[in-house]
$ cat upload_33.pdb   # PDB, C-alpha atoms, pLDDT in the B column
ATOM      1  CA  GLU A  27       0.000   0.000   0.000  1.00 69.00           C
ATOM      2  CA  TYR A  28       2.903   2.346   0.786  1.00 70.00           C
ATOM      3  CA  LEU A  29       4.474   1.753  -2.632  1.00 71.00           C
ATOM      4  CA  ALA A  30       1.148   2.382  -4.359  1.00 73.00           C
ATOM      5  CA  LYS A  31       0.835   5.747  -2.593  1.00 79.00           C
ATOM      6  CA  GLN A  32       4.403   6.631  -3.564  1.00 76.00           C
ATOM      7  CA  ILE A  33       3.745   5.834  -7.208  1.00 74.00           C
ATOM      8  CA  ASP A  34       0.483   7.789  -7.141  1.00 76.00           C
ATOM      9  CA  SER A  35       2.349  10.775  -5.698  1.00 76.00           C
ATOM     10  CA  LEU A  36       4.626  11.015  -8.746  1.00 74.00           C
ATOM     11  CA  ASP A  37       4.096  14.240 -10.677  1.00 72.00           C
ATOM     12  CA  VAL A  38       4.565  14.088 -14.437  1.00 67.00           C
ATOM     13  CA  ASN A  39       5.059  17.847 -14.580  1.00 69.00           C
ATOM     14  CA  GLY A  40       7.383  17.938 -11.601  1.00 67.00           C
ATOM     15  CA  SER A  41      11.143  18.268 -11.512  1.00 69.00           C
ATOM     16  CA  SER A  42      12.829  15.391 -13.298  1.00 69.00           C
ATOM     17  CA  ASN A  43      15.475  15.163 -10.576  1.00 74.00           C
ATOM     18  CA  VAL A  44      12.948  14.963  -7.752  1.00 77.00           C
ATOM     19  CA  GLU A  45      10.745  12.461  -9.546  1.00 77.00           C
ATOM     20  CA  GLY A  46      13.784  10.415 -10.587  1.00 79.00           C
ATOM     21  CA  ARG A  47      14.900  10.206  -6.958  1.00 81.00           C
ATOM     22  CA  LYS A  48      11.417   9.125  -5.908  1.00 82.00           C
ATOM     23  CA  LEU A  49      11.481   6.373  -8.523  1.00 82.00           C
ATOM     24  CA  LEU A  50      14.885   5.203  -7.333  1.00 83.00           C
ATOM     25  CA  LYS A  51      13.583   5.067  -3.745  1.00 84.00           C
ATOM     26  CA  ILE A  52      10.627   2.990  -4.876  1.00 83.00           C
ATOM     27  CA  MET A  53      12.979   0.636  -6.727  1.00 84.00           C
ATOM     28  CA  LYS A  54      15.092   0.329  -3.576  1.00 85.00           C
ATOM     29  CA  ALA A  55      11.970  -0.491  -1.575  1.00 82.00           C
ATOM     30  CA  LEU A  56      11.098  -3.223  -4.075  1.00 80.00           C
ATOM     31  CA  GLU A  57      14.583  -4.663  -3.716  1.00 82.00           C
ATOM     32  CA  ASP A  58      14.138  -4.667   0.063  1.00 79.00           C
ATOM     33  CA  VAL A  59      10.826  -6.487  -0.309  1.00 76.00           C
ATOM     34  CA  GLN A  60      12.510  -9.103  -2.447  1.00 76.00           C
ATOM     35  CA  ARG A  61      15.407  -9.447  -0.049  1.00 75.00           C
ATOM     36  CA  TYR A  62      13.671  -9.480   3.345  1.00 71.00           C
ATOM     37  CA  HIS A  63      10.361 -11.150   2.630  1.00 71.00           C
ATOM     38  CA  GLN A  64      10.228 -14.777   1.706  1.00 70.00           C
ATOM     39  CA  ILE A  65       8.891 -14.575  -1.814  1.00 72.00           C
ATOM     40  CA  ASP A  66      11.049 -17.279  -3.344  1.00 69.00           C
ATOM     41  CA  ASN A  67       8.144 -19.688  -2.997  1.00 73.00           C
ATOM     42  CA  SER A  68       5.722 -17.593  -5.047  1.00 75.00           C
ATOM     43  CA  LEU A  69       6.600 -17.394  -8.712  1.00 80.00           C
ATOM     44  CA  GLN A  70       3.751 -14.962  -9.413  1.00 83.00           C
ATOM     45  CA  ILE A  71       4.991 -12.449  -6.852  1.00 79.00           C
ATOM     46  CA  LYS A  72       8.544 -12.710  -8.149  1.00 80.00           C
ATOM     47  CA  GLN A  73       7.335 -12.106 -11.703  1.00 85.00           C
ATOM     48  CA  PHE A  74       5.185  -9.167 -10.593  1.00 83.00           C
ATOM     49  CA  LEU A  75       8.109  -7.565  -8.768  1.00 81.00           C
ATOM     50  CA  PHE A  76      10.410  -8.148 -11.740  1.00 85.00           C
ATOM     51  CA  ASP A  77       7.911  -6.546 -14.142  1.00 89.00           C
ATOM     52  CA  THR A  78       7.316  -3.630 -11.787  1.00 84.00           C
ATOM     53  CA  GLU A  79      11.042  -2.995 -11.476  1.00 85.00           C
ATOM     54  CA  ALA A  80      11.401  -3.064 -15.271  1.00 88.00           C
ATOM     55  CA  TYR A  81       8.603  -0.504 -15.636  1.00 86.00           C
ATOM     56  CA  LEU A  82      10.173   1.695 -12.981  1.00 85.00           C
ATOM     57  CA  ARG A  83      13.512   1.597 -14.817  1.00 86.00           C
ATOM     58  CA  LYS A  84      11.753   2.742 -17.992  1.00 86.00           C
ATOM     59  CA  MET A  85      10.080   5.516 -16.024  1.00 83.00           C
ATOM     60  CA  VAL A  86      13.461   6.688 -14.695  1.00 80.00           C
ATOM     61  CA  ARG A  87      14.844   6.849 -18.223  1.00 81.00           C
ATOM     62  CA  THR A  88      11.764   8.677 -19.456  1.00 79.00           C
ATOM     63  CA  VAL A  89      11.861  11.214 -16.628  1.00 78.00           C
ATOM     64  CA  HIS A  90      15.449  12.119 -17.446  1.00 74.00           C
ATOM     65  CA  VAL A  91      14.841  12.848 -21.144  1.00 76.00           C
ATOM     66  CA  ARG A  92      16.167  16.339 -21.816  1.00 73.00           C
ATOM     67  CA  ASP A  93      14.159  19.084 -23.507  1.00 73.00           C
ATOM     68  CA  GLU A  94      16.623  19.104 -26.410  1.00 75.00           C
ATOM     69  CA  VAL A  95      15.825  15.467 -27.162  1.00 75.00           C
ATOM     70  CA  ILE A  96      12.100  16.175 -27.062  1.00 76.00           C
ATOM     71  CA  ALA A  97      12.561  19.131 -29.425  1.00 73.00           C
ATOM     72  CA  THR A  98      14.601  16.965 -31.797  1.00 73.00           C
ATOM     73  CA  LEU A  99      11.918  14.266 -31.783  1.00 75.00           C
ATOM     74  CA  ALA A 100       9.268  16.895 -32.519  1.00 74.00           C
ATOM     75  CA  ILE A 101      11.290  18.196 -35.465  1.00 69.00           C
ATOM     76  CA  ILE A 102      11.831  14.733 -36.882  1.00 70.00           C
ATOM     77  CA  SER A 103       8.195  13.732 -36.502  1.00 72.00           C
ATOM     78  CA  ASP A 104       6.911  17.005 -38.001  1.00 68.00           C
ATOM     79  CA  PHE A 105       9.264  16.740 -40.954  1.00 67.00           C
ATOM     80  CA  SER A 106       8.476  13.056 -41.511  1.00 69.00           C
ATOM     81  CA  TYR A 107       4.779  13.819 -41.490  1.00 70.00           C
ATOM     82  CA  ALA A 108       5.213  16.691 -43.963  1.00 67.00           C
ATOM     83  CA  TRP A 109       7.398  14.568 -46.225  1.00 69.00           C
ATOM     84  CA  GLU A 110       4.833  11.755 -46.230  1.00 73.00           C
ATOM     85  CA  ILE A 111       2.015  14.143 -47.083  1.00 73.00           C
ATOM     86  CA  MET A 112       4.011  15.648 -49.934  1.00 72.00           C
ATOM     87  CA  SER A 113       4.804  12.261 -51.439  1.00 76.00           C
ATOM     88  CA  GLU A 114       1.092  11.427 -51.530  1.00 77.00           C
ATOM     89  CA  TYR A 115       0.322  14.546 -53.576  1.00 76.00           C
ATOM     90  CA  VAL A 116       3.146  14.301 -56.123  1.00 82.00           C
ATOM     91  CA  LYS A 117       1.616  11.557 -58.281  1.00 85.00           C
ATOM     92  CA  LEU A 118      -1.793  13.190 -58.196  1.00 84.00           C
ATOM     93  CA  MET A 119      -0.387  16.558 -59.261  1.00 81.00           C
ATOM     94  CA  GLN A 120       1.668  14.969 -62.029  1.00 87.00           C
ATOM     95  CA  ALA A 121      -1.435  13.240 -63.392  1.00 89.00           C
ATOM     96  CA  TYR A 122      -3.428  16.489 -63.414  1.00 86.00           C
ATOM     97  CA  ILE A 123      -0.605  18.401 -65.097  1.00 88.00           C
ATOM     98  CA  LYS A 124      -0.203  15.711 -67.789  1.00 91.00           C
ATOM     99  CA  LYS A 125      -3.930  15.826 -68.431  1.00 92.00           C
ATOM    100  CA  ASP A 126      -4.137  19.635 -68.598  1.00 90.00           C
ATOM    101  CA  PRO A 127      -0.993  21.824 -68.259  1.00 87.00           C
ATOM    102  CA  LYS A 128      -3.140  24.837 -67.287  1.00 85.00           C
ATOM    103  CA  VAL A 129      -3.842  23.103 -63.966  1.00 85.00           C
ATOM    104  CA  VAL A 130      -0.454  24.388 -62.801  1.00 84.00           C
ATOM    105  CA  LEU A 131      -2.090  27.751 -62.215  1.00 80.00           C
ATOM    106  CA  LEU A 132      -4.683  26.129 -59.969  1.00 78.00           C
ATOM    107  CA  LEU A 133      -2.099  24.193 -57.980  1.00 79.00           C
ATOM    108  CA  ARG A 134      -0.717  27.366 -56.433  1.00 77.00           C
ATOM    109  CA  ALA A 135      -2.872  26.892 -53.327  1.00 75.00           C
ATOM    110  CA  ILE A 136      -1.539  23.361 -52.889  1.00 69.00           C
ATOM    111  CA  PHE A 137       2.042  24.574 -53.090  1.00 74.00           C
ATOM    112  CA  LEU A 138       1.309  27.270 -50.518  1.00 75.00           C
ATOM    113  CA  LYS A 139      -0.166  24.601 -48.229  1.00 73.00           C
ATOM    114  CA  MET A 140       2.963  22.493 -48.648  1.00 70.00           C
ATOM    115  CA  VAL A 141       5.031  25.484 -47.635  1.00 73.00           C
ATOM    116  CA  SER A 142       2.961  25.857 -44.475  1.00 72.00           C
ATOM    117  CA  ILE A 143       3.345  22.132 -43.720  1.00 70.00           C
ATOM    118  CA  LEU A 144       7.123  22.418 -44.004  1.00 70.00           C
ATOM    119  CA  ASP A 145       7.203  25.684 -42.076  1.00 74.00           C
ATOM    120  CA  LEU A 146       6.501  24.027 -38.707  1.00 71.00           C
ATOM    121  CA  PRO A 147       9.649  21.864 -38.792  1.00 70.00           C
ATOM    122  CA  LEU A 148      11.649  24.973 -39.651  1.00 73.00           C
ATOM    123  CA  GLN A 149      10.142  26.747 -36.667  1.00 75.00           C
ATOM    124  CA  ARG A 150      11.162  23.820 -34.454  1.00 71.00           C
ATOM    125  CA  ILE A 151      14.710  23.951 -35.822  1.00 73.00           C
ATOM    126  CA  ASN A 152      14.771  27.646 -35.045  1.00 74.00           C
ATOM    127  CA  GLN A 153      13.354  27.123 -31.526  1.00 75.00           C
ATOM    128  CA  CYS A 154      16.050  24.668 -30.552  1.00 72.00           C
ATOM    129  CA  GLY A 155      18.715  27.120 -31.726  1.00 73.00           C
ATOM    130  CA  SER A 156      20.253  24.831 -34.318  1.00 71.00           C
ATOM    131  CA  GLU A 157      22.959  26.258 -36.543  1.00 71.00           C
ATOM    132  CA  ASP A 158      21.493  24.157 -39.369  1.00 67.00           C
ATOM    133  CA  LEU A 159      18.589  26.591 -39.803  1.00 60.00           C
ATOM    134  CA  ILE A 160      20.503  28.625 -42.374  1.00 59.00           C
ATOM    135  CA  SER A 161      21.325  25.584 -44.519  1.00 61.00           C
ATOM    136  CA  VAL A 162      17.745  24.333 -44.401  1.00 58.00           C
TER     137      VAL A 162
END

$ encode --input "upload_33.pdb" --output "structure tokens"
Amino acid sequence: EYLAKQIDSLDVNGSSNVEGRKLLKIMKALEDVQRYHQIDNSLQIKQFLFDTEAYLRKMVRTVHVRDEVIATLAIISDFSYAWEIMSEYVKLMQAYIKKDPKVVLLLRAIFLKMVSILDLPLQRINQCGSEDLISV
């Protein structure tokens, strides 16, 4: 019951150092439970404690992810999404242009939308202060 209250008290928006220390204390408490209580006889309890410890380790790693890494992941995911969307439109645009070359004039709005889709990744690159912004 004590461990459950400790886990419930974790704050996702709290300081990563404080929450990381709390997680390490909980992991230490689990080790103490394994060491001092006779659980060798119960395979289910051993498995539960093992799984819980594995989840807590993942939580510790997740808590200590730096803001720069999160910004980089956001940039990559935004750019990947934009790239995927663009690739879906290329064949369609080529077919329309082959059918009627005057359609190019009507595709201006689509090109402007593509620019706005690619603008968000550029904003993210700028936000994280990357020197690559100029080359992009």

$ resolve_selection --input "upload_33.pdb" --expression "the PyMOL selection byres ((chain A and resi 154) around 12)" --output "ChimeraX atom specification"
/A:93-101,147-153,155-159

$ atom_distance --input "upload_33.pdb" --atom1 "atom CA of Leu75 of chain A" --atom2 "atom CA of Lys31 of chain A"
16.4 Å

$ atom_distance --input "upload_33.pdb" --atom1 "atom CA of Arg47 of chain A" --atom2 "atom CA of Leu69 of chain A"
28.9 Å

$ atom_distance --input "upload_33.pdb" --atom1 "atom CA of Val129 of chain A" --atom2 "atom CA of Asp145 of chain A"
24.7 Å

$ closest_residue --input "upload_33.pdb" --among "A:Met119, A:Val86, A:Leu29, A:Leu50" --to "Arg134 of chain A" --atoms "all atoms listed in the file"
A:Met119

$ closest_residue --input "upload_33.pdb" --among "A:Ala121, A:Leu131, A:Leu49, A:Ile111" --to "Leu144 of chain A" --atoms "only C-alpha atoms"
A:Ile111

$ closest_residue --input "upload_33.pdb" --among "A:Ala135, A:Met112, A:Ile33, A:Val59" --to "Leu82 of chain A" --atoms "only C-alpha atoms"
A:Ile33

$ resolve_selection --input "upload_33.pdb" --expression "the PyMOL selection byres ((chain A and resi 30) around 12)" --output "list in words"
Glu27, Tyr28, Leu29, Lys31, Gln32, Ile33, Asp34, Ser35, Leu36, Leu49, Ile52, Ala55, Leu56 and Thr78 of chain A

$ resolve_selection --input "upload_33.pdb" --expression "the PyMOL selection byres ((chain A and resi 89) around 12)" --output "ChimeraX atom specification"
/A:36-50,82-88,90-93,96
